[in-house]
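Visitor: This is final-v1.pdb, which holds PDB, C-alpha atoms:
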MODEL        1
ATOM      1  CA  MET O  25      52.148 -21.718   2.106
ATOM      2  CA  LYS O  26      53.999 -19.931  -0.721
ATOM      3  CA  LEU O  27      53.042 -16.384  -1.649
ATOM      4  CA  PRO O  28      52.697 -15.488  -5.335
ATOM      5  CA  THR O  29      55.716 -13.815  -6.919
ATOM      6  CA  GLY O  30      55.854 -10.073  -6.253
ATOM      7  CA  VAL O  31      53.276 -10.149  -3.412
ATOM      8  CA  LYS O  32      54.514  -9.231   0.008
ATOM      9  CA  PHE O  33      53.084 -10.497   3.280
ATOM     10  CA  SER O  34      52.674  -6.936   4.563
ATOM     11  CA  ASN O  35      50.464  -6.049   1.578
ATOM     12  CA  ILE O  36      48.160  -9.021   2.253
ATOM     13  CA  LYS O  37      47.916  -8.160   5.956
ATOM     14  CA  MET O  38      47.173  -4.516   5.180
ATOM     15  CA  GLY O  39      44.420  -5.595   2.753
ATOM     16  CA  ASP O  40      42.779  -7.736   5.445
ATOM     17  CA  ILE O  41      42.893  -4.865   7.926
ATOM     18  CA  MET O  42      41.339  -2.439   5.418
ATOM     19  CA  ARG O  43      38.598  -4.939   4.618
ATOM     20  CA  LYS O  44      37.760  -5.333   8.314
ATOM     21  CA  TYR O  45      37.615  -1.556   8.770
ATOM     22  CA  LYS O  46      35.303  -1.211   5.755
ATOM     23  CA  GLU O  47      32.990  -3.895   7.148
ATOM     24  CA  LYS O  48      32.889  -2.151  10.537
ATOM     25  CA  ILE O  49      32.185   1.237   8.930
ATOM     26  CA  MET O  50      29.333  -0.178   6.823
ATOM     27  CA  HIS O  51      27.958  -1.979   9.882
ATOM     28  CA  ILE O  52      27.864   1.346  11.730
ATOM     29  CA  VAL O  53      26.259   3.097   8.729
ATOM     30  CA  PHE O  54      23.514   0.452   8.488
ATOM     31  CA  LEU O  55      22.937   0.584  12.265
ATOM     32  CA  ILE O  56      22.603   4.396  12.197
ATOM     33  CA  SER O  57      20.185   4.194   9.243
ATOM     34  CA  ALA O  58      18.031   1.648  11.057
ATOM     35  CA  CYS O  59      18.011   3.756  14.230
ATOM     36  CA  ILE O  60      17.034   6.900  12.300
ATOM     37  CA  SER O  61      14.139   5.030  10.677
ATOM     38  CA  ILE O  62      12.900   3.746  14.033
ATOM     39  CA  ILE O  63      13.236   7.174  15.655
ATOM     40  CA  ALA O  64      11.307   8.776  12.778
ATOM     41  CA  VAL O  65       8.427   6.293  13.124
ATOM     42  CA  VAL O  66       8.334   6.685  16.921
ATOM     43  CA  THR O  67       8.379  10.501  16.594
ATOM     44  CA  ILE O  68       5.435  10.443  14.191
ATOM     45  CA  CYS O  69       3.479   8.126  16.502
ATOM     46  CA  VAL O  70       4.191  10.296  19.556
ATOM     47  CA  PHE O  71       3.157  13.463  17.694
ATOM     48  CA  LEU O  72      -0.088  11.917  16.420
ATOM     49  CA  PHE O  73      -1.179  10.411  19.719
ATOM     50  CA  ALA O  74      -0.044  13.382  21.828
ATOM     51  CA  ASN O  75      -2.202  15.755  19.763
ATOM     52  CA  GLY O  76      -4.993  13.411  18.703
ATOM     53  CA  VAL O  77      -5.917  11.510  21.850
ATOM     54  CA  PRO O  78      -6.744  14.669  23.904
ATOM     55  CA  ALA O  79      -9.036  15.814  21.073
ATOM     56  CA  ILE O  80     -10.820  12.455  21.070
ATOM     57  CA  SER O  81     -11.229  12.702  24.844
ATOM     58  CA  GLU O  82     -12.650  16.221  24.583
ATOM     59  CA  ILE O  83     -15.105  15.338  21.806
ATOM     60  CA  GLY O  84     -15.938  11.925  23.265
ATOM     61  CA  ILE O  85     -14.710   8.721  21.698
ATOM     62  CA  PHE O  86     -18.224   7.502  20.845
ATOM     63  CA  ASP O  87     -19.276  10.844  19.351
ATOM     64  CA  PHE O  88     -16.009  11.057  17.410
ATOM     65  CA  ILE O  89     -15.901   7.513  16.006
ATOM     66  CA  PHE O  90     -19.629   6.913  15.501
ATOM     67  CA  GLY O  91     -20.883  10.456  15.020
ATOM     68  CA  LYS O  92     -22.493  11.010  11.609
ATOM     69  CA  SER O  93     -22.213  14.785  11.454
ATOM     70  CA  TRP O  94     -19.028  16.646  10.533
ATOM     71  CA  LYS O  95     -19.704  20.362  11.057
ATOM     72  CA  PRO O  96     -16.610  22.090  12.487
ATOM     73  CA  LEU O  97     -18.365  25.467  12.796
ATOM     74  CA  GLU O  98     -20.904  23.840  15.139
ATOM     75  CA  ASN O  99     -18.259  21.799  16.992
ATOM     76  CA  GLN O 100     -19.623  18.534  15.579
ATOM     77  CA  PHE O 101     -16.788  16.163  14.708
ATOM     78  CA  GLY O 102     -18.198  12.780  13.751
ATOM     79  CA  ILE O 103     -15.995  10.796  11.378
ATOM     80  CA  PHE O 104     -18.149   7.686  10.929
ATOM     81  CA  PRO O 105     -19.112   8.598   7.313
ATOM     82  CA  MET O 106     -15.415   9.008   6.481
ATOM     83  CA  ILE O 107     -14.550   5.651   8.073
ATOM     84  CA  VAL O 108     -17.297   3.944   6.054
ATOM     85  CA  GLY O 109     -16.171   5.754   2.899
ATOM     86  CA  SER O 110     -12.558   4.639   3.391
ATOM     87  CA  ILE O 111     -13.609   1.033   3.984
ATOM     88  CA  TYR O 112     -15.903   0.945   0.941
ATOM     89  CA  VAL O 113     -13.368   2.533  -1.406
ATOM     90  CA  THR O 114     -10.564   0.261  -0.189
ATOM     91  CA  ALA O 115     -12.774  -2.833  -0.492
ATOM     92  CA  GLY O 116     -13.754  -1.809  -4.025
ATOM     93  CA  ALA O 117     -10.105  -1.288  -4.971
ATOM     94  CA  ILE O 118      -9.258  -4.729  -3.575
ATOM     95  CA  LEU O 119     -12.055  -6.400  -5.554
ATOM     96  CA  ILE O 120     -10.873  -4.720  -8.760
ATOM     97  CA  GLY O 121      -7.097  -4.565  -8.343
ATOM     98  CA  VAL O 122      -6.122  -7.764  -6.519
ATOM     99  CA  PRO O 123      -7.535 -10.386  -8.956
ATOM    100  CA  LEU O 124      -6.320  -8.399 -11.977
ATOM    101  CA  GLY O 125      -2.901  -7.867 -10.407
ATOM    102  CA  ILE O 126      -2.380 -11.536  -9.515
ATOM    103  CA  LEU O 127      -3.564 -12.776 -12.923
ATOM    104  CA  CYS O 128      -1.305 -10.213 -14.623
ATOM    105  CA  ALA O 129       1.639 -11.373 -12.499
ATOM    106  CA  VAL O 130       0.956 -15.013 -13.462
ATOM    107  CA  PHE O 131       0.888 -14.060 -17.137
ATOM    108  CA  MET O 132       4.099 -12.030 -16.846
ATOM    109  CA  ALA O 133       5.954 -14.758 -14.962
ATOM    110  CA  ARG O 134       4.802 -17.899 -16.789
ATOM    111  CA  PHE O 135       3.046 -17.215 -20.095
ATOM    112  CA  CYS O 136       4.230 -13.877 -21.491
ATOM    113  CA  PRO O 137       6.333 -14.038 -24.713
ATOM    114  CA  LYS O 138       9.783 -12.458 -24.359
ATOM    115  CA  GLY O 139       9.097  -9.761 -26.938
ATOM    116  CA  LEU O 140       5.882  -8.681 -25.241
ATOM    117  CA  TYR O 141       7.508  -8.908 -21.800
ATOM    118  CA  LYS O 142      10.116  -6.325 -22.817
ATOM    119  CA  ILE O 143       7.256  -3.900 -23.480
ATOM    120  CA  LEU O 144       4.937  -4.715 -20.562
ATOM    121  CA  LYS O 145       7.548  -4.815 -17.786
ATOM    122  CA  PRO O 146       8.799  -1.226 -18.304
ATOM    123  CA  ALA O 147       5.181  -0.099 -18.729
ATOM    124  CA  PHE O 148       4.184  -1.460 -15.306
ATOM    125  CA  GLU O 149       7.313   0.011 -13.723
ATOM    126  CA  LEU O 150       6.430   3.358 -15.275
ATOM    127  CA  MET O 151       2.897   3.109 -13.855
ATOM    128  CA  ALA O 152       4.364   2.675 -10.368
ATOM    129  CA  GLY O 153       6.234   5.963 -10.715
ATOM    130  CA  ILE O 154       3.347   8.091 -11.995
ATOM    131  CA  PRO O 155       2.372  10.784  -9.415
ATOM    132  CA  SER O 156      -1.002  10.487  -7.716
ATOM    133  CA  ILE O 157      -2.176  13.818  -9.112
ATOM    134  CA  VAL O 158      -1.715  12.471 -12.657
ATOM    135  CA  TYR O 159      -3.854   9.446 -11.818
ATOM    136  CA  GLY O 160      -6.428  11.809 -10.362
ATOM    137  CA  PHE O 161      -6.440  13.892 -13.543
ATOM    138  CA  PHE O 162      -6.862  10.697 -15.594
ATOM    139  CA  GLY O 163      -9.804   9.696 -13.414
ATOM    140  CA  LEU O 164     -11.341  13.154 -13.707
ATOM    141  CA  MET O 165     -11.033  13.330 -17.492
ATOM    142  CA  VAL O 166     -11.656   9.682 -18.448
ATOM    143  CA  ILE O 167     -13.340   7.628 -15.707
ATOM    144  CA  VAL O 168     -15.729  10.347 -14.470
ATOM    145  CA  PRO O 169     -17.262  10.970 -17.965
ATOM    146  CA  VAL O 170     -17.690   7.200 -18.411
ATOM    147  CA  MET O 171     -19.510   6.979 -15.074
ATOM    148  CA  GLN O 172     -21.662   9.959 -16.061
ATOM    149  CA  SER O 173     -22.735   8.261 -19.276
ATOM    150  CA  LEU O 174     -23.422   4.941 -17.537
ATOM    151  CA  PHE O 175     -25.127   6.033 -14.308
ATOM    152  CA  GLY O 176     -25.877   9.742 -14.706
ATOM    153  CA  GLY O 177     -25.192  12.360 -12.072
ATOM    154  CA  SER O 178     -21.812  13.987 -11.579
ATOM    155  CA  GLY O 179     -19.854  10.780 -12.181
ATOM    156  CA  LYS O 180     -17.894  11.354  -8.975
ATOM    157  CA  GLY O 181     -18.467   8.870  -6.198
ATOM    158  CA  MET O 182     -17.509   5.661  -4.465
ATOM    159  CA  LEU O 183     -17.447   3.469  -7.599
ATOM    160  CA  THR O 184     -15.277   5.936  -9.527
ATOM    161  CA  ALA O 185     -12.776   6.164  -6.664
ATOM    162  CA  SER O 186     -12.688   2.365  -6.332
ATOM    163  CA  VAL O 187     -11.957   1.898 -10.035
ATOM    164  CA  LEU O 188      -9.195   4.510  -9.948
ATOM    165  CA  LEU O 189      -7.576   3.040  -6.823
ATOM    166  CA  GLY O 190      -7.851  -0.445  -8.317
ATOM    167  CA  ILE O 191      -5.795   0.784 -11.278
ATOM    168  CA  MET O 192      -3.295   2.560  -9.025
ATOM    169  CA  ILE O 193      -2.473  -0.520  -6.905
ATOM    170  CA  LEU O 194      -1.913  -2.762  -9.949
ATOM    171  CA  PRO O 195       1.827  -1.992 -10.436
ATOM    172  CA  THR O 196       2.622  -2.723  -6.776
ATOM    173  CA  ILE O 197       0.765  -6.039  -6.715
ATOM    174  CA  ILE O 198       2.066  -7.131 -10.127
ATOM    175  CA  GLY O 199       5.701  -6.335  -9.325
ATOM    176  CA  VAL O 200       5.826  -8.113  -5.954
ATOM    177  CA  ALA O 201       3.659 -11.070  -7.019
ATOM    178  CA  GLU O 202       5.677 -11.660 -10.177
ATOM    179  CA  SER O 203       8.920 -11.741  -8.189
ATOM    180  CA  ALA O 204       7.360 -14.211  -5.733
ATOM    181  CA  ILE O 205       6.164 -16.489  -8.556
ATOM    182  CA  ARG O 206       9.561 -16.445 -10.266
ATOM    183  CA  ALA O 207      11.229 -17.356  -6.946
ATOM    184  CA  VAL O 208       9.351 -20.692  -6.782
ATOM    185  CA  PRO O 209      11.693 -23.576  -7.787
ATOM    186  CA  GLU O 210      11.014 -24.917 -11.276
ATOM    187  CA  SER O 211      10.782 -28.412  -9.796
ATOM    188  CA  TYR O 212       7.300 -27.582  -8.434
ATOM    189  CA  TYR O 213       6.033 -26.899 -11.932
ATOM    190  CA  GLU O 214       7.841 -29.818 -13.532
ATOM    191  CA  GLY O 215       6.702 -32.226 -10.819
ATOM    192  CA  SER O 216       3.083 -31.222 -11.375
ATOM    193  CA  LEU O 217       3.470 -31.764 -15.127
ATOM    194  CA  ALA O 218       5.003 -35.184 -14.466
ATOM    195  CA  LEU O 219       1.906 -36.147 -12.476
ATOM    196  CA  GLY O 220      -0.271 -35.421 -15.507
ATOM    197  CA  ALA O 221      -1.505 -31.890 -14.783
ATOM    198  CA  THR O 222      -1.819 -29.351 -17.567
ATOM    199  CA  SER O 223       0.441 -26.307 -17.713
ATOM    200  CA  GLU O 224      -2.322 -23.994 -16.412
ATOM    201  CA  ARG O 225      -3.260 -26.322 -13.541
ATOM    202  CA  SER O 226       0.408 -26.688 -12.622
ATOM    203  CA  VAL O 227       0.779 -22.917 -12.380
ATOM    204  CA  PHE O 228      -2.421 -22.272 -10.418
ATOM    205  CA  PHE O 229      -2.338 -25.316  -8.115
ATOM    206  CA  ALA O 230       1.388 -25.898  -7.602
ATOM    207  CA  VAL O 231       3.309 -22.673  -8.253
ATOM    208  CA  LEU O 232       0.835 -20.106  -6.881
ATOM    209  CA  PRO O 233       0.310 -21.830  -3.486
ATOM    210  CA  ALA O 234       4.100 -21.972  -3.066
ATOM    211  CA  ALA O 235       4.328 -18.226  -3.757
ATOM    212  CA  LYS O 236       1.384 -17.222  -1.556
ATOM    213  CA  ASN O 237       3.486 -15.447   1.089
ATOM    214  CA  GLY O 238       5.116 -13.177  -1.480
ATOM    215  CA  ILE O 239       1.788 -12.581  -3.210
ATOM    216  CA  MET O 240       0.223 -11.713   0.149
ATOM    217  CA  ALA O 241       3.006  -9.187   0.749
ATOM    218  CA  GLY O 242       2.175  -7.525  -2.573
ATOM    219  CA  VAL O 243      -1.512  -7.424  -1.697
ATOM    220  CA  ILE O 244      -0.745  -5.821   1.681
ATOM    221  CA  LEU O 245       1.416  -3.158   0.019
ATOM    222  CA  GLY O 246      -1.336  -2.483  -2.509
ATOM    223  CA  ILE O 247      -3.969  -2.155   0.200
ATOM    224  CA  GLY O 248      -1.683   0.168   2.138
ATOM    225  CA  ARG O 249      -1.443   2.450  -0.895
ATOM    226  CA  ALA O 250      -5.209   2.316  -1.428
ATOM    227  CA  ILE O 251      -5.955   3.285   2.178
ATOM    228  CA  GLY O 252      -3.391   6.085   2.275
ATOM    229  CA  GLU O 253      -4.111   7.585  -1.157
ATOM    230  CA  THR O 254      -5.324  11.176  -0.996
ATOM    231  CA  MET O 255      -5.025  13.480  -3.999
ATOM    232  CA  ALA O 256      -6.375  11.094  -6.627
ATOM    233  CA  VAL O 257      -9.330  10.191  -4.410
ATOM    234  CA  VAL O 258     -10.099  13.832  -3.615
ATOM    235  CA  MET O 259     -10.487  14.556  -7.325
ATOM    236  CA  VAL O 260     -13.024  11.796  -8.072
ATOM    237  CA  CYS O 261     -14.860  10.781  -4.869
ATOM    238  CA  GLY O 262     -17.307  13.712  -4.615
ATOM    239  CA  ASN O 263     -16.085  14.811  -1.140
ATOM    240  CA  GLN O 264     -19.422  14.535   0.669
ATOM    241  CA  SER O 265     -19.185  13.752   4.384
ATOM    242  CA  ILE O 266     -22.344  11.622   4.409
ATOM    243  CA  LEU O 267     -23.046   7.915   4.555
ATOM    244  CA  PRO O 268     -23.178   6.512   0.992
ATOM    245  CA  GLU O 269     -26.518   5.031  -0.065
ATOM    246  CA  LYS O 270     -25.384   3.492  -3.374
ATOM    247  CA  LEU O 271     -22.261   2.788  -5.407
ATOM    248  CA  THR O 272     -22.417   6.122  -7.214
ATOM    249  CA  SER O 273     -22.916   8.203  -4.057
ATOM    250  CA  GLY O 274     -20.357  10.873  -3.239
ATOM    251  CA  ILE O 275     -18.145  10.065  -0.256
ATOM    252  CA  ARG O 276     -15.233  11.480   1.708
ATOM    253  CA  THR O 277     -12.364   9.329   2.969
ATOM    254  CA  LEU O 278     -10.303   9.888   6.110
ATOM    255  CA  THR O 279      -7.301  11.078   4.120
ATOM    256  CA  ALA O 280      -9.434  13.407   1.989
ATOM    257  CA  ASN O 281     -10.973  14.887   5.126
ATOM    258  CA  ILE O 282      -7.527  15.745   6.482
ATOM    259  CA  VAL O 283      -6.123  17.273   3.305
ATOM    260  CA  LEU O 284      -9.238  19.332   2.526
ATOM    261  CA  GLU O 285      -9.451  21.087   5.876
ATOM    262  CA  MET O 286      -5.996  21.081   7.482
ATOM    263  CA  GLY O 287      -4.965  24.247   5.633
ATOM    264  CA  TYR O 288      -7.404  26.485   7.521
ATOM    265  CA  ALA O 289      -8.225  24.434  10.638
ATOM    266  CA  ALA O 290      -7.426  25.775  14.106
ATOM    267  CA  ASP O 291      -7.833  24.797  17.760
ATOM    268  CA  LEU O 292     -10.181  21.816  18.274
ATOM    269  CA  HIS O 293     -10.859  21.562  14.545
ATOM    270  CA  ARG O 294      -7.140  21.067  13.856
ATOM    271  CA  ASP O 295      -6.757  18.593  16.722
ATOM    272  CA  SER O 296      -9.755  16.612  15.470
ATOM    273  CA  LEU O 297      -8.072  16.273  12.064
ATOM    274  CA  ILE O 298      -4.942  14.960  13.780
ATOM    275  CA  ALA O 299      -7.220  12.578  15.696
ATOM    276  CA  THR O 300      -8.576  11.457  12.308
ATOM    277  CA  ALA O 301      -4.981  10.594  11.361
ATOM    278  CA  VAL O 302      -4.733   8.566  14.595
ATOM    279  CA  VAL O 303      -7.827   6.575  13.584
ATOM    280  CA  LEU O 304      -6.370   6.039  10.101
ATOM    281  CA  PHE O 305      -3.054   4.904  11.596
ATOM    282  CA  THR O 306      -4.859   2.467  13.900
ATOM    283  CA  PHE O 307      -6.967   1.247  10.981
ATOM    284  CA  ILE O 308      -3.859   0.423   8.907
ATOM    285  CA  LEU O 309      -2.191  -1.211  11.914
ATOM    286  CA  ILE O 310      -5.201  -3.494  12.453
ATOM    287  CA  ILE O 311      -5.259  -4.515   8.777
ATOM    288  CA  ASN O 312      -1.531  -5.334   8.759
ATOM    289  CA  THR O 313      -1.899  -7.313  11.997
ATOM    290  CA  LEU O 314      -4.805  -9.322  10.565
ATOM    291  CA  PHE O 315      -2.834 -10.158   7.422
ATOM    292  CA  THR O 316       0.155 -11.204   9.541
ATOM    293  CA  VAL O 317      -2.048 -13.509  11.641
ATOM    294  CA  ILE O 318      -3.607 -15.022   8.513
ATOM    295  CA  LYS O 319      -0.166 -15.577   6.968
ATOM    296  CA  ASN O 320       1.177 -17.231  10.144
ATOM    297  CA  ARG O 321      -1.852 -19.514  10.340
ATOM    298  CA  SER O 322      -1.422 -20.560   6.711
ATOM    299  CA  ARG O 323       2.201 -21.494   7.453
ATOM    300  CA  ASN O 324       1.102 -23.729  10.312
TER
ENDMDL
END
Could you write out this file's structure as structure tokens?
Guide:
Amino acid sequence: MKLPTGVKFSNIKMGDIMRKYKEKIMHIVFLISACISIIAVVTICVFLFANGVPAISEIGIFDFIFGKSWKPLENQFGIFPMIVGSIYVTAGAILIGVPLGILCAVFMARFCPKGLYKILKPAFELMAGIPSIVYGFFGLMVIVPVMQSLFGGSGKGMLTASVLLGIMILPTIIGVAESAIRAVPESYYEGSLALGATSERSVFFAVLPAAKNGIMAGVILGIGRAIGETMAVVMVCGNQSILPEKLTSGIRTLTANIVLEMGYAADLHRDSLIATAVVLFTFILIINTLFTVIKNRSRN
């Protein structure tokens, strides 16, 4: 094989060697990054369980999980109202945010005019970067007065928090779902049209089922944000550690309970808040496991 004019064999060999060294260096960098991430997660888990499990044992697992009274001054640490509050608020956010997010993603991916898309896409990306405290302030100044005028009372409660969280998870669901829909081969859509289906039926019955795994990933990420959200919820949920009796009742979530009291907690009170984080961690783990099982079953 002839080398191009002016190119020496030694230069080509040196280039290959440098390329191999660069690949090895980047391989090591990626390996170190992955190890650091794993170590960080393991360290957090060890810290939570090492401090939380003894507190649960001291209080009693039944009294801690199913107790309805949270009175630290009287050594009563029942987090059942907070568990119920977290479940209700998350479920409300799912009912509001998931359908809207998926429909928005379908519109953005298949029906949105190019001119409008150039406006909406940056707007949704901007929404994803807005701090939680800003969302909380929006809920306090806009959503709470609306709830007051519609239902009376303070306007702060489970419904208000659900609406706010439903808005907050929209950018996550829209972004991931839109990418999943765009990744579906165009032949799915064209094949459905060739069989006589309308454009809308082709999108909803051919394209969406093919993108369901990506859409499910977006939903899981959105639910994860809804469960773990703190500051915005604290500002609009009412912060009452009681079982809610209606949609407008004040509630307290697990995350709100931790952030409200960790600053001055000590001894068993502090350990019980860490134990609350253990319950929240387990709660999120169970939800992710259930979604993974559902996704694997749908593949089979």
Visitor: Have a look at atom CA of Arg276 of chain O and atom CA of Gln264 of chain O and let me know their distance in Å, one decimal.
Guide: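 Distance reported for this atom pair: 5.3 Å.
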Visitor: Between O:Ile308, O:Ile143, O:Ile318, O:Ala299, which residue has the minimum interatomic distance to Leu72 of chain O, considering all atoms listed in the file?
Guide: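 Among O:Ile308, O:Ile143, O:Ile318, O:Ala299, it is O:Ala299 that comes nearest to Leu72 of chain O.
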Visitor: Taking the file as shown, find all residues satisfying the PyMOL selection byres ((chain O and resi 77) around 10) and write them as a list in words.
Guide: Leu72, Phe73, Ala74, Asn75, Gly76, Pro78, Ala79, Ile80, Ser81, Glu82, Ile83, Ile85, Asp295, Ser296, Ile298, Ala299, Thr300, Val302 and Val303 of chain O
Visitor: Selection from above, C-alpha atoms, as a compact mmCIF listing (two decimals), in the frame of the given file, can you write it?
Guide:
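Written out: out_24.txt:
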# COMPACT_ATOMS: atom_id res chain seq x y z
CA LEU O 72 -0.09 11.92 16.42
CA PHE O 73 -1.18 10.41 19.72
CA ALA O 74 -0.04 13.38 21.83
CA ASN O 75 -2.20 15.76 19.76
CA GLY O 76 -4.99 13.41 18.70
CA PRO O 78 -6.74 14.67 23.90
CA ALA O 79 -9.04 15.81 21.07
CA ILE O 80 -10.82 12.46 21.07
CA SER O 81 -11.23 12.70 24.84
CA GLU O 82 -12.65 16.22 24.58
CA ILE O 83 -15.10 15.34 21.81
CA ILE O 85 -14.71 8.72 21.70
CA ASP O 295 -6.76 18.59 16.72
CA SER O 296 -9.76 16.61 15.47
CA ILE O 298 -4.94 14.96 13.78
CA ALA O 299 -7.22 12.58 15.70
CA THR O 300 -8.58 11.46 12.31
CA VAL O 302 -4.73 8.57 14.60
CA VAL O 303 -7.83 6.58 13.58
Visitor: O:Val231, O:Val170, O:Met192, O:Ile41: which is nearest Pro209 of chain O, counting only C-alpha atoms?
Guide: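 The closest residue to Pro209 of chain O is O:Val231.
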Visitor: For the file shown, report as a short mmCIF file (atom, residue, chain, number, x, y, z; two decimals) with C-alpha atoms, in the coordinates of the input the outcome of the PyMOL selection byres ((chain O and resi 130) around 12) at residue level.
Guide:
data_model
loop_
_atom_site.label_atom_id
_atom_site.label_comp_id
_atom_site.auth_asym_id
_atom_site.auth_seq_id
_atom_site.Cartn_x
_atom_site.Cartn_y
_atom_site.Cartn_z
CA PRO O 123 -7.54 -10.39 -8.96
CA LEU O 124 -6.32 -8.40 -11.98
CA GLY O 125 -2.90 -7.87 -10.41
CA ILE O 126 -2.38 -11.54 -9.52
CA LEU O 127 -3.56 -12.78 -12.92
CA CYS O 128 -1.30 -10.21 -14.62
CA ALA O 129 1.64 -11.37 -12.50
CA PHE O 131 0.89 -14.06 -17.14
CA MET O 132 4.10 -12.03 -16.85
CA ALA O 133 5.95 -14.76 -14.96
CA ARG O 134 4.80 -17.90 -16.79
CA PHE O 135 3.05 -17.22 -20.10
CA CYS O 136 4.23 -13.88 -21.49
CA ILE O 197 0.76 -6.04 -6.72
CA ILE O 198 2.07 -7.13 -10.13
CA GLY O 199 5.70 -6.34 -9.32
CA VAL O 200 5.83 -8.11 -5.95
CA ALA O 201 3.66 -11.07 -7.02
CA GLU O 202 5.68 -11.66 -10.18
CA SER O 203 8.92 -11.74 -8.19
CA ALA O 204 7.36 -14.21 -5.73
CA ILE O 205 6.16 -16.49 -8.56
CA ARG O 206 9.56 -16.44 -10.27
CA GLU O 224 -2.32 -23.99 -16.41
CA SER O 226 0.41 -26.69 -12.62
CA VAL O 227 0.78 -22.92 -12.38
CA PHE O 228 -2.42 -22.27 -10.42
CA VAL O 231 3.31 -22.67 -8.25
CA LEU O 232 0.84 -20.11 -6.88
CA ALA O 235 4.33 -18.23 -3.76
CA ILE O 239 1.79 -12.58 -3.21
#
